Every structure is written in C-alpha cells, then in structure tokens.
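Q: Structure: entry-v9.csv, CSV, C-alpha atoms.
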chain,number,residue,atom,x,y,z
A,1,MET,CA,8.0,18.3,0.3
A,2,SER,CA,4.4,19.5,0.1
A,3,VAL,CA,1.6,18.4,-2.2
A,4,GLY,CA,0.9,22.0,-3.3
A,5,THR,CA,-2.0,24.4,-3.1
A,6,ALA,CA,-5.5,23.7,-4.2
A,7,ALA,CA,-4.8,25.4,-7.5
A,8,GLN,CA,-2.1,22.8,-8.2
A,9,VAL,CA,-4.3,19.8,-7.8
A,10,ARG,CA,-4.9,18.6,-11.4
A,11,LYS,CA,-8.4,17.8,-12.6
A,12,VAL,CA,-8.8,14.6,-14.5
A,13,ARG,CA,-10.3,15.1,-17.9
A,14,PRO,CA,-12.4,12.4,-19.7
A,15,GLU,CA,-9.7,12.0,-22.3
A,16,ASP,CA,-7.0,11.4,-19.7
A,17,THR,CA,-5.5,7.9,-19.3
A,18,TYR,CA,-4.2,7.3,-15.8
A,19,VAL,CA,-0.9,5.5,-15.5
A,20,ASP,CA,1.8,5.4,-12.9
A,21,ALA,CA,4.8,7.4,-14.2
A,22,GLY,CA,7.2,4.8,-15.6
A,23,VAL,CA,10.1,6.6,-17.2
A,24,GLY,CA,12.8,4.3,-18.5
A,25,ILE,CA,16.3,4.5,-17.0
A,26,GLY,CA,19.5,4.7,-18.9
A,27,ASP,CA,20.0,4.7,-22.6
A,28,ASN,CA,18.3,1.3,-22.9
A,29,GLY,CA,15.3,2.3,-20.7
A,30,ILE,CA,12.9,-0.5,-19.9
A,31,MET,CA,9.9,1.4,-21.3
A,32,SER,CA,8.7,4.7,-22.7
A,33,ILE,CA,5.3,5.9,-21.8
A,34,SER,CA,3.8,8.7,-23.8
A,35,GLN,CA,1.5,11.4,-22.5
A,36,GLU,CA,-1.4,9.2,-23.8
A,37,GLY,CA,-0.3,6.3,-21.7
A,38,THR,CA,1.0,4.3,-24.7
A,39,GLN,CA,3.7,1.8,-23.7
A,40,THR,CA,6.3,1.3,-26.4
A,41,ASN,CA,8.9,-1.0,-24.8
A,42,SER,CA,8.7,-3.4,-21.9
A,43,VAL,CA,12.0,-5.3,-21.9
A,44,ILE,CA,13.8,-5.4,-18.6
A,45,GLY,CA,17.3,-6.8,-17.9
A,46,ALA,CA,19.5,-7.6,-15.0
A,47,GLU,CA,20.8,-4.0,-14.8
A,48,HIS,CA,17.3,-2.7,-14.2
A,49,ILE,CA,16.6,-5.2,-11.4
A,50,GLU,CA,20.0,-4.4,-9.9
A,51,TRP,CA,19.0,-0.7,-9.9
A,52,VAL,CA,15.7,-1.5,-8.1
A,53,GLN,CA,17.5,-3.7,-5.6
A,54,GLN,CA,20.0,-1.0,-4.8
A,55,LEU,CA,17.3,1.7,-4.4
A,56,THR,CA,15.2,-0.4,-2.1
A,57,SER,CA,18.2,-1.6,-0.1
A,58,ARG,CA,19.0,2.1,0.7
A,59,ALA,CA,15.4,2.8,1.7
A,60,ARG,CA,15.2,-0.4,3.8
A,61,THR,CA,18.5,0.5,5.6
A,62,ALA,CA,17.3,4.1,6.3
A,63,MET,CA,13.9,2.9,7.6
A,64,ASN,CA,15.5,0.2,9.8
A,65,ALA,CA,17.6,2.9,11.4
A,66,VAL,CA,14.4,4.6,12.5
A,67,LEU,CA,12.4,1.5,13.5
A,68,GLU,CA,14.1,-1.0,15.9
A,69,GLY,CA,13.7,-4.7,15.0
A,70,LYS,CA,11.0,-4.2,12.4
A,71,ASP,CA,12.8,-5.4,9.2
A,72,GLU,CA,10.1,-7.7,8.1
A,73,ALA,CA,7.4,-5.0,8.3
A,74,VAL,CA,9.7,-2.6,6.6
A,75,GLY,CA,10.3,-5.0,3.7
A,76,LEU,CA,6.6,-5.7,3.3
A,77,SER,CA,5.8,-2.0,3.3
A,78,LEU,CA,8.4,-1.4,0.5
A,79,ILE,CA,6.9,-4.3,-1.5
A,80,ALA,CA,3.5,-2.7,-1.3
A,81,LEU,CA,5.0,0.7,-2.3
A,82,LEU,CA,6.7,-0.8,-5.4
A,83,ALA,CA,3.6,-2.9,-6.3
A,84,GLY,CA,1.3,0.0,-6.0
A,85,GLY,CA,-0.7,-1.3,-3.1
A,86,HIS,CA,-2.0,-0.1,0.2
A,87,VAL,CA,-1.1,-1.3,3.7
A,88,LEU,CA,-3.3,-2.1,6.7
A,89,LEU,CA,-1.3,-2.1,9.9
A,90,GLU,CA,-3.2,-4.0,12.6
A,91,ASP,CA,-1.7,-3.9,16.1
A,92,VAL,CA,-1.9,-2.6,19.6
A,93,PRO,CA,-1.0,1.1,20.2
A,94,GLY,CA,2.6,2.2,20.6
A,95,VAL,CA,4.5,-0.4,18.6
A,96,GLY,CA,5.4,2.0,15.7
A,97,LYS,CA,2.6,1.9,13.2
A,98,THR,CA,2.6,5.6,12.5
A,99,LEU,CA,6.4,5.8,12.7
A,100,LEU,CA,6.7,3.2,10.0
A,101,ALA,CA,4.6,5.3,7.6
A,102,ARG,CA,6.4,8.5,8.4
A,103,ALA,CA,9.8,6.9,8.0
A,104,MET,CA,8.7,5.7,4.5
A,105,GLY,CA,7.7,9.2,3.5
A,106,LYS,CA,11.0,10.6,4.8
A,107,VAL,CA,13.3,8.3,3.0
A,108,VAL,CA,11.5,8.6,-0.4
A,109,ASP,CA,11.2,12.4,-0.1
A,110,GLY,CA,7.4,12.2,-0.4
A,111,SER,CA,4.6,14.2,1.2
A,112,VAL,CA,3.0,12.6,4.3
A,113,ARG,CA,-0.3,13.5,5.8
A,114,ARG,CA,-2.0,12.0,8.7
A,115,ILE,CA,-5.8,11.7,9.2
A,116,GLN,CA,-7.0,10.9,12.7
A,117,PHE,CA,-10.2,9.0,12.1
A,118,THR,CA,-12.9,9.7,14.7
A,119,PRO,CA,-16.7,9.0,14.8
A,120,ASP,CA,-17.5,12.7,13.9
A,121,LEU,CA,-15.1,12.8,10.9
A,122,LEU,CA,-16.9,13.7,7.6
A,123,PRO,CA,-16.1,12.6,4.1
A,124,THR,CA,-15.2,16.2,3.2
A,125,ASP,CA,-12.7,16.2,6.0
A,126,VAL,CA,-10.8,13.5,4.0
A,127,VAL,CA,-11.1,14.4,0.3
A,128,GLY,CA,-11.8,18.1,0.5
A,129,VAL,CA,-14.6,20.6,-0.3
A,130,ASN,CA,-15.5,23.4,-2.7
A,131,LEU,CA,-15.7,26.7,-1.0
A,132,PHE,CA,-17.1,29.9,-2.4
A,133,ASN,CA,-14.6,32.7,-2.8
A,134,GLN,CA,-16.3,36.1,-2.2
A,135,GLU,CA,-13.6,38.0,-4.1
A,136,THR,CA,-13.6,35.9,-7.3
A,137,ARG,CA,-17.2,35.0,-7.0
A,138,HIS,CA,-16.3,31.4,-7.9
A,139,PHE,CA,-16.1,28.1,-6.0
A,140,GLU,CA,-12.6,26.9,-5.3
A,141,PHE,CA,-11.5,23.4,-4.4
A,142,ARG,CA,-9.7,23.1,-1.1
A,143,GLN,CA,-8.0,19.7,-1.1
A,144,GLY,CA,-8.2,17.4,1.9
A,145,PRO,CA,-5.4,15.5,3.5
A,146,VAL,CA,-5.8,12.5,1.3
A,147,PHE,CA,-3.9,14.4,-1.4
A,148,ALA,CA,-0.4,13.2,-0.4
A,149,ASN,CA,2.0,10.6,-1.5
A,150,ILE,CA,1.7,8.7,1.8
A,151,VAL,CA,-1.6,9.0,3.7
A,152,ILE,CA,-1.7,7.7,7.3
A,153,ALA,CA,-5.3,6.8,8.1
A,154,ASP,CA,-4.9,6.5,11.8
A,155,GLU,CA,-7.5,4.2,13.6
A,156,ILE,CA,-9.5,4.0,10.4
A,157,ASN,CA,-12.1,1.7,12.1
A,158,ARG,CA,-13.2,4.5,14.4
A,159,ALA,CA,-14.8,6.5,11.6
A,160,SER,CA,-18.3,5.9,10.3
A,161,PRO,CA,-18.7,3.6,7.2
A,162,LYS,CA,-19.7,6.7,5.1
A,163,THR,CA,-16.3,8.3,5.9
A,164,GLN,CA,-14.4,5.1,5.4
A,165,SER,CA,-16.0,4.6,2.0
A,166,ALA,CA,-14.8,8.1,1.0
A,167,MET,CA,-11.3,6.7,0.6
A,168,LEU,CA,-12.4,3.8,-1.6
A,169,GLU,CA,-12.2,5.7,-4.9
A,170,CYS,CA,-8.9,7.3,-3.9
A,171,MET,CA,-7.4,3.9,-3.0
A,172,ALA,CA,-8.8,1.9,-6.0
A,173,GLU,CA,-8.5,4.5,-8.8
A,174,GLY,CA,-6.0,7.1,-7.6
A,175,GLN,CA,-8.5,9.9,-7.9
A,176,ALA,CA,-11.3,11.6,-6.0
A,177,THR,CA,-14.6,13.0,-7.2
A,178,ILE,CA,-16.0,16.1,-5.5
A,179,ASP,CA,-19.2,17.7,-6.8
A,180,GLY,CA,-18.8,16.0,-10.1
A,181,GLU,CA,-15.2,17.1,-10.7
A,182,THR,CA,-12.5,14.4,-10.6
A,183,TYR,CA,-9.0,15.2,-9.1
A,184,GLN,CA,-6.0,12.9,-9.5
A,185,MET,CA,-3.9,11.8,-6.5
A,186,PRO,CA,-0.2,12.4,-6.6
A,187,SER,CA,2.0,9.6,-7.8
A,188,PRO,CA,3.1,7.5,-6.0
A,189,PHE,CA,0.1,7.3,-3.7
A,190,ILE,CA,-0.2,4.8,-0.9
A,191,VAL,CA,-2.6,4.6,2.1
A,192,VAL,CA,-1.2,3.2,5.3
A,193,ALA,CA,-4.2,2.6,7.6
A,194,THR,CA,-3.9,1.5,11.2
A,195,GLN,CA,-6.4,-0.1,13.5
A,196,ASN,CA,-6.3,-1.5,17.0
A,197,PRO,CA,-7.7,-5.0,17.1
A,198,ILE,CA,-8.1,-5.1,20.9
A,199,ASP,CA,-10.1,-2.0,21.8
A,200,MET,CA,-13.2,-2.4,19.6
A,201,GLU,CA,-15.6,-0.3,21.6
A,202,GLY,CA,-17.0,2.6,19.5
A,203,THR,CA,-15.5,1.3,16.3
A,204,TYR,CA,-16.9,0.3,12.9
A,205,ALA,CA,-15.3,-2.9,11.6
A,206,LEU,CA,-13.9,-2.6,8.1
A,207,PRO,CA,-16.3,-4.4,5.7
A,208,GLU,CA,-14.9,-7.1,3.5
A,209,ALA,CA,-15.1,-4.9,0.4
A,210,GLN,CA,-12.9,-2.3,2.0
A,211,ARG,CA,-10.4,-4.7,3.5
A,212,ASP,CA,-10.0,-6.2,0.0
A,213,ARG,CA,-8.7,-2.8,-1.2
A,214,PHE,CA,-5.6,-3.2,1.0
A,215,MET,CA,-2.8,-5.2,-0.6
A,216,THR,CA,-1.3,-6.5,2.6
A,217,ARG,CA,-2.1,-6.6,6.3
A,218,ILE,CA,0.9,-6.3,8.6
A,219,SER,CA,1.2,-6.8,12.4
A,220,LEU,CA,4.3,-5.2,13.9
A,221,GLY,CA,4.3,-7.0,17.2
A,222,TYR,CA,6.3,-6.1,20.3
A,223,PRO,CA,10.1,-5.8,19.9
A,224,ASN,CA,12.4,-8.3,21.5
A,225,THR,CA,14.4,-7.4,24.6
A,226,ALA,CA,17.5,-6.2,22.9
A,227,ASP,CA,15.6,-4.1,20.4
A,228,GLU,CA,13.5,-2.6,23.1
A,229,ILE,CA,16.6,-1.6,25.1
A,230,ASP,CA,18.1,0.0,22.0
A,231,LEU,CA,14.7,1.8,21.5
A,232,LEU,CA,15.0,3.3,25.1
A,233,ASP,CA,18.6,4.3,24.4
A,234,ASN,CA,17.9,6.0,21.1
A,235,GLN,CA,14.4,7.5,21.3
A,236,ILE,CA,14.3,9.0,24.8
A,237,GLU,CA,16.2,12.3,24.1
A,238,HIS,CA,15.5,12.8,20.4
A,239,ASP,CA,13.0,12.2,17.6
A,240,PRO,CA,14.0,9.0,15.7
A,241,LEU,CA,12.8,10.7,12.4
A,242,SER,CA,15.1,13.7,12.9
A,243,SER,CA,18.2,11.8,11.6
A,244,ALA,CA,16.3,10.2,8.6
A,245,THR,CA,17.2,11.7,5.2
A,246,PRO,CA,15.8,11.0,1.7
A,247,VAL,CA,17.8,8.2,0.0
A,248,THR,CA,15.7,8.2,-3.2
A,249,SER,CA,13.1,10.4,-5.0
A,250,LEU,CA,9.5,10.0,-6.0
A,251,GLU,CA,10.6,9.9,-9.7
A,252,GLN,CA,12.8,7.0,-8.9
A,253,ILE,CA,10.1,5.2,-7.0
A,254,ASN,CA,7.8,5.6,-10.1
A,255,GLN,CA,10.6,4.3,-12.3
A,256,ALA,CA,11.1,1.3,-10.0
A,257,ARG,CA,7.3,0.6,-10.2
A,258,GLY,CA,7.5,0.5,-13.9
A,259,ILE,CA,10.3,-2.1,-13.7
A,260,VAL,CA,8.5,-4.2,-11.2
A,261,ARG,CA,5.4,-4.4,-13.4
A,262,HIS,CA,7.4,-6.1,-16.1
A,263,VAL,CA,9.0,-8.8,-13.9
A,264,SER,CA,8.0,-12.1,-15.6
A,265,ALA,CA,5.6,-14.7,-14.2
A,266,THR,CA,5.0,-18.0,-16.1
A,267,ARG,CA,1.5,-19.3,-16.9
A,268,GLU,CA,2.1,-22.2,-14.6
A,269,LEU,CA,2.8,-19.8,-11.7
A,270,ARG,CA,-0.4,-17.9,-12.5
A,271,GLU,CA,-2.3,-21.2,-12.4
A,272,TYR,CA,-0.7,-21.9,-9.0
A,273,ILE,CA,-2.1,-18.6,-7.7
A,274,VAL,CA,-5.5,-19.3,-9.0
A,275,SER,CA,-5.4,-22.8,-7.5
A,276,ILE,CA,-4.7,-21.2,-4.1
A,277,LEU,CA,-7.7,-18.9,-4.5
A,278,HIS,CA,-10.0,-21.7,-5.5
A,279,ALA,CA,-8.8,-23.8,-2.6
A,280,SER,CA,-9.7,-20.9,-0.2
A,281,ARG,CA,-13.3,-20.9,-1.7
A,282,ASN,CA,-13.8,-24.6,-1.3
A,283,ASP,CA,-12.3,-25.1,2.2
A,284,GLU,CA,-14.8,-26.3,4.8
A,285,ALA,CA,-13.0,-24.2,7.5
A,286,ILE,CA,-13.4,-21.0,5.4
A,287,LEU,CA,-16.7,-19.2,5.3
A,288,LEU,CA,-15.6,-16.6,2.6
A,289,GLY,CA,-12.7,-17.3,0.3
A,290,SER,CA,-10.3,-14.8,-1.4
A,291,SER,CA,-11.5,-12.5,-4.1
A,292,PRO,CA,-9.9,-12.4,-7.6
A,293,ARG,CA,-8.4,-9.1,-6.5
A,294,GLY,CA,-6.4,-11.1,-3.9
A,295,GLY,CA,-4.8,-13.0,-6.7
A,296,VAL,CA,-4.0,-9.8,-8.6
A,297,HIS,CA,-2.4,-8.3,-5.5
A,298,LEU,CA,-0.5,-11.5,-4.7
A,299,LEU,CA,1.1,-11.5,-8.2
A,300,ARG,CA,1.9,-7.8,-8.1
A,301,ALA,CA,3.5,-8.2,-4.7
A,302,ALA,CA,5.4,-11.3,-5.8
A,303,LYS,CA,6.9,-9.4,-8.7
A,304,ALA,CA,8.1,-6.7,-6.3
A,305,ARG,CA,9.6,-9.3,-4.0
A,306,ALA,CA,11.4,-10.9,-6.9
A,307,ALA,CA,12.9,-7.6,-7.9
A,308,LEU,CA,14.0,-7.0,-4.3
A,309,SER,CA,15.7,-10.4,-4.4
A,310,GLY,CA,17.5,-9.5,-7.6
A,311,ARG,CA,15.5,-11.7,-10.0
A,312,THR,CA,13.7,-10.8,-13.3
A,313,PHE,CA,11.1,-13.6,-12.7
A,314,VAL,CA,8.7,-14.7,-10.0
A,315,THR,CA,9.2,-18.1,-8.2
A,316,PRO,CA,6.8,-20.2,-6.1
A,317,ASP,CA,8.8,-19.1,-3.0
A,318,ASP,CA,7.7,-15.5,-3.6
A,319,ILE,CA,4.0,-16.6,-3.7
A,320,GLN,CA,4.4,-18.8,-0.5
A,321,ALA,CA,6.2,-16.1,1.4
A,322,LEU,CA,3.6,-13.4,0.7
A,323,ALA,CA,0.4,-15.3,0.6
A,324,PRO,CA,-0.3,-15.1,4.4
A,325,TYR,CA,0.1,-11.3,4.3
A,326,ILE,CA,-1.9,-10.8,1.1
A,327,LEU,CA,-4.7,-13.3,1.5
A,328,ALA,CA,-5.4,-13.7,5.2
A,329,HIS,CA,-7.4,-10.5,5.6
A,330,ARG,CA,-9.5,-11.4,2.5
A,331,ILE,CA,-10.9,-14.7,4.0
A,332,ILE,CA,-13.3,-15.2,6.8
A,333,PRO,CA,-12.9,-18.4,8.9
A,334,ARG,CA,-16.1,-20.2,9.9
A,335,ASP,CA,-14.9,-20.1,13.6
A,336,GLY,CA,-14.8,-16.3,13.7
A,337,ASP,CA,-13.1,-13.4,11.9
A,338,ASP,CA,-9.7,-13.9,13.7
A,339,SER,CA,-6.6,-12.6,11.9
A,340,GLU,CA,-4.3,-15.3,13.4
A,341,LEU,CA,-6.7,-18.1,12.5
A,342,ALA,CA,-7.0,-16.7,9.0
A,343,ALA,CA,-3.2,-16.7,8.5
A,344,GLU,CA,-3.1,-20.3,9.8
A,345,LEU,CA,-5.7,-21.3,7.3
A,346,VAL,CA,-3.8,-19.7,4.5
A,347,GLY,CA,-0.7,-21.7,5.6
A,348,ARG,CA,-2.8,-24.9,5.4
A,349,LEU,CA,-3.9,-24.0,1.9
A,350,LEU,CA,-0.2,-23.5,0.8
A,351,ALA,CA,0.7,-26.9,2.2
A,352,ARG,CA,-2.2,-28.6,0.4
A,353,VAL,CA,-2.0,-27.0,-3.1
A,354,PRO,CA,0.7,-28.7,-5.2
A,355,ILE,CA,3.5,-26.7,-6.8
A,356,SER,CA,5.2,-29.6,-8.6
A,357,THR,CA,4.0,-28.3,-12.0
A,358,VAL,CA,5.2,-24.8,-11.5
A,359,GLN,CA,8.4,-24.0,-13.3
With the file now loaded, output its structure as structure tokens.
A:
Amino acid sequence: MSVGTAAQVRKVRPEDTYVDAGVGIGDNGIMSISQEGTQTNSVIGAEHIEWVQQLTSRARTAMNAVLEGKDEAVGLSLIALLAGGHVLLEDVPGVGKTLLARAMGKVVDGSVRRIQFTPDLLPTDVVGVNLFNQETRHFEFRQGPVFANIVIADEINRASPKTQSAMLECMAEGQATIDGETYQMPSPFIVVATQNPIDMEGTYALPEAQRDRFMTRISLGYPNTADEIDLLDNQIEHDPLSSATPVTSLEQINQARGIVRHVSATRELREYIVSILHASRNDEAILLGSSPRGGVHLLRAAKARAALSGRTFVTPDDIQALAPYILAHRIIPRDGDDSELAAELVGRLLARVPISTVQ
C-alpha cells in the first residue's frame, strides 16, 4: 500500500480540525465524528474492548511470527500505535529494530518508509520540497518519505539537529509545513526511530525536547539461546517478512484508537500519575524530572494497555507496568544520562509513591 502521489497529499486548510479517524463500530458505535471533528457519542462497552483485544491479538501473533522472542517489544509498540505515540528503539545493531517497524506496517496493511539519517541529510530530504514544473509553469510539491503510516527513522542521532527538528512538527501535530503550506500526515502516523547507544562517534545526541516527543523508549536486547537458534533456522534461507500478511486494516486501527481514547481513568488514578511526575522533579538523584507531556503519554498508553487486557478502565498496574518505558527517557539522572540508571530511578519512584488511595 503506497501513500500516493504528491497530488494526493492533502493540504490543511485553516478551517480544518485535525482528529484521528474514529468511526464507530457496529450498530451501537462508540462514537460518531463529523467532518468538523464534532464528537457526538463516547460510550464504550465490553463488546468494543473485546473487538480491540481480538484485533491486537491477531497483530501481536503475526508480528511475533516474524520476530523471535520479542513479545514484550511487540506489545509495547502496539500500545504506542493504539495510543497515537511514537517509538524510540535504542539498542545495538542487528537485534531487529528495523524488522519490528516493518513487521508492524505489514500486519496493519500500512505504508512503510525508511529514512537513513546521515550527517549530510537535509530537512527537505525528510519532509519534501516544492519543485518548479516547466510544463505547467507552477511549483509542485514532491512529498518526502515522512508521508507514510509508519516511518522508520534509522539512526536518527546521526543527522544534524536541524534535520532532526524537521520531524518535530510531523510527530507532534501530524502535519508538515513547507514554504508556508501545511500538509497533513496520513492516519495513523507513527515514527519508529532507532539509535545505537554504543557507537556515539559522529552523532548528535537527541535533545531533551525531542526525546520528549517519543511516547516510549524500547530496548530489544539479545535473544535467548533457544530463540537465536530458531532465528538461524528460520531466517537463513528466506526473508522473515515474506510470510507476513495483513491481519487488520488502517481503518480498523483508527477505530481502535477511538475506542482506546475513551477507556476510563478515575480522578484518583490521574492524581497518582501526577504524584509520580512531581516525585521525579523533587528527587535528589534526578537532575531533570519528567515533563507534563510524560504524564499525558503515560495515561494514553495505560488506556491502550487496559484495552489490550480486556478492560474498560485503567488500573494502577497499568501505570506501574508502563512507567519505566514512558518516563525513563524523559528524566536525566545526576550521575549521568544513562538509560538503565534512569529506568532504575523510575522504579524507585514507583516504590515510593503510595497507591493506597487509588481505586
């Protein structure tokens, strides 16, 4: 499935209201969104959650068939997809970072484009450029590879800060502005960026503001012995993606996103999230605590995890299970910007912040 030609990229008009497509399912659909973005109904029931659970279960099984022993990473990436977030894959080369993103695109029948970030990559190489057509005597927009459902930003930390920042508007607002004209990204739209934390020579570390745009940071790690043997058996003579087939559609993913947004979370649970954020900002071992966006992303991801677990409501378990993946890359330890230390500090915060008042 392709994104389409440059002529098919829709410009965003000032009167447009951007929303994720959220068409209701069944006769008692959970919502109805008009062309103006007006939401008329937001009631969800067990049948809607069951539908989301079945959809994601199919996608998870299909992705696990491609990636050996990476179920946790697969689950976290699907949570980000349903919650409308972006993923930062931080690990050594050759463990399946790019394969994970391509497998996701294959099973949801979405367009996938890969951008290899290098020091000489320009912003126009990412978002596109206006070119003058000699025949029509008009400028025509030629879209960049960022216009896809799943964008693989490979080794994003090897590009210059100027090029890295070209993706900020795309990631935050689902649109790109070129020469004063705004073009909307396809829906769903998710950036899966990779970086190698070991070889830092010739790289530009992602600034805190840009890391904060990613919903979750995932480390795939090396497979265990049995999984690595299976990998050698299954991937030597054929492409692991060749047998992957779509098990859902982009329309269904957008519907599932609409359902996830309306999973309930009590005020006490929201206060629990804020307490964790405040604790990160007042911890002597943490130089920079989590931003408010970290709390927003944590709640959105927790709603997706609740739906994947078959619930219409979020529990403290959802928050505690996801906090290390959502918050660790948003804090800076005083002893150095180390990902493992940051995750450990988040674990200490969770152990210290009480949950007895959360229902």
Q: Give me the residues near Ala321 in chain A as a list in words, where near means some atom within 12 Å (using all atoms listed in the file) and where sequence neighbours in that chain fewer than 3 positions away do not count.
A: Glu72, Leu76, Leu298, Leu299, Ala301, Ala302, Arg305, Ala306, Val314, Thr315, Pro316, Asp317, Asp318, Pro324, Tyr325, Ile326, Leu327, Ala343, Val346, Gly347 and Leu350 of chain A
Q: Between CA of Met63 in chain A and CA of Ile49 in chain A, what is the distance in Å, rounded to a tenth?
A: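 About the pair CA of Met63 in chain A and CA of Ile49 in chain A: they are 20.8 Å apart.
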Q: CA of Arg60 in chain A and CA of Ser243 in chain A, how far apart in Å?
A: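 Going from CA of Ser243 in chain A over to CA of Arg60 in chain A covers 14.8 Å.
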Q: Give one line per residue of range 66-164 of chain A that approaches range 213-237 of chain A to at most 8 Å, naming the two atoms of the closest pair and their distance in Å to one decimal, counting all atoms listed in the file; sort by chain then ascending residue number and deliver it as a tab-separated table.
A:
residue	atom	partner	partner_atom	distance
A:Glu68	CA	A:Asp227	CA	5.7
A:Gly69	CA	A:Asp227	CA	5.8
A:Lys70	CA	A:Leu220	CA	6.9
A:Ala73	CA	A:Leu220	CA	6.4
A:Leu76	CA	A:Ile218	CA	7.8
A:Ala80	CA	A:Met215	CA	6.8
A:Gly85	CA	A:Met215	CA	5.1
A:His86	CA	A:Phe214	CA	4.8
A:Val87	CA	A:Thr216	CA	5.3
A:Leu88	CA	A:Arg217	CA	4.7
A:Leu89	CA	A:Ile218	CA	4.9
A:Glu90	CA	A:Ser219	CA	5.2
A:Asp91	CA	A:Ser219	CA	5.5
A:Val92	CA	A:Gly221	CA	8.0
A:Val95	CA	A:Tyr222	CA	6.2
A:Gly96	CA	A:Leu220	CA	7.5
A:Lys97	CA	A:Leu220	CA	7.3
Q: Counting all atoms listed in the file, which residue out of A:Ala148, A:Val263, A:Ala159, A:Ala65 sits closest to Leu308 in chain A?
A: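 Checking each candidate against Leu308 in chain A, we get A:Val263 as the closest.
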Q: Using only C-alpha atoms, determine which residues lie at most 7 Å from Phe141 in chain A, disregarding the query and same-chain residues fewer than 2 positions distant; provide the list as number ranges by chain.
A: A: 6, 129-131, 139, 143
Q: Using all atoms listed in the file, find each residue of range 38-87 of chain A with at least one atom at most 7 Å away from an atom of range 100-108 of chain A; report its shortest atom-to-atom pair and that distance in Å (one decimal), sort the rows by chain and rising residue number, and return the result as a Markdown table.
A:
| residue | atom | partner | partner_atom | distance |
| --- | --- | --- | --- | --- |
| A:Ala59 | CA | A:Val107 | CA | 6.0 |
| A:Ala62 | CA | A:Val107 | CA | 6.7 |
| A:Met63 | CA | A:Ala103 | CA | 5.7 |
| A:Val66 | CA | A:Ala103 | CA | 6.8 |
| A:Leu67 | CA | A:Leu100 | CA | 6.9 |
Q: Just how far from CA of Arg293 in chain A is CA of Pro207 in chain A, in Å to one decimal?
A: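 Those two atoms sit 15.3 Å apart.
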Q: With all atoms listed in the file as the basis for distance, which of A:Ile286, A:Ala172, A:Ala209, A:Leu250 is at the shortest distance from Pro186 in chain A?
A: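 Ranking A:Ile286, A:Ala172, A:Ala209, A:Leu250 by distance to Pro186 in chain A, first place goes to A:Leu250.
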Q: Pick the closest to Thr124 in chain A from A:Ser280, A:Thr163, A:Gln175, A:Thr98: which is it, counting only C-alpha atoms?
A: A:Thr163
Q: Using only C-alpha atoms, pick whichever of A:Arg211, A:Arg281, A:His48, A:Arg330 has the shortest atom-to-atom distance to Gly258 in chain A.
A: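 Ranked by minimum distance to Gly258 in chain A, first place goes to A:His48.
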Q: Please determine, counting only C-alpha atoms, which residue among A:Ala304, A:Leu241, A:Ile319, A:Ala285 has the shortest atom-to-atom distance to Ile273 in chain A.
A: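 Closest candidate: A:Ile319.
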Q: Quick one: everything within 8 Å of Ala166 in chain A, counting all atoms listed in the file, minus sequence neighbours fewer than 3 positions away in the same chain. Send it as a list in words.
A: Pro123, Val126, Val127, Lys162, Thr163, Glu169 and Cys170 of chain A
Q: In file coordinates, which residues lie within 6 Å of (-5.2, -12.7, 9.7) using all atoms listed in the file, given as number ranges by chain?
A: A: 328-329, 339-340, 342-343
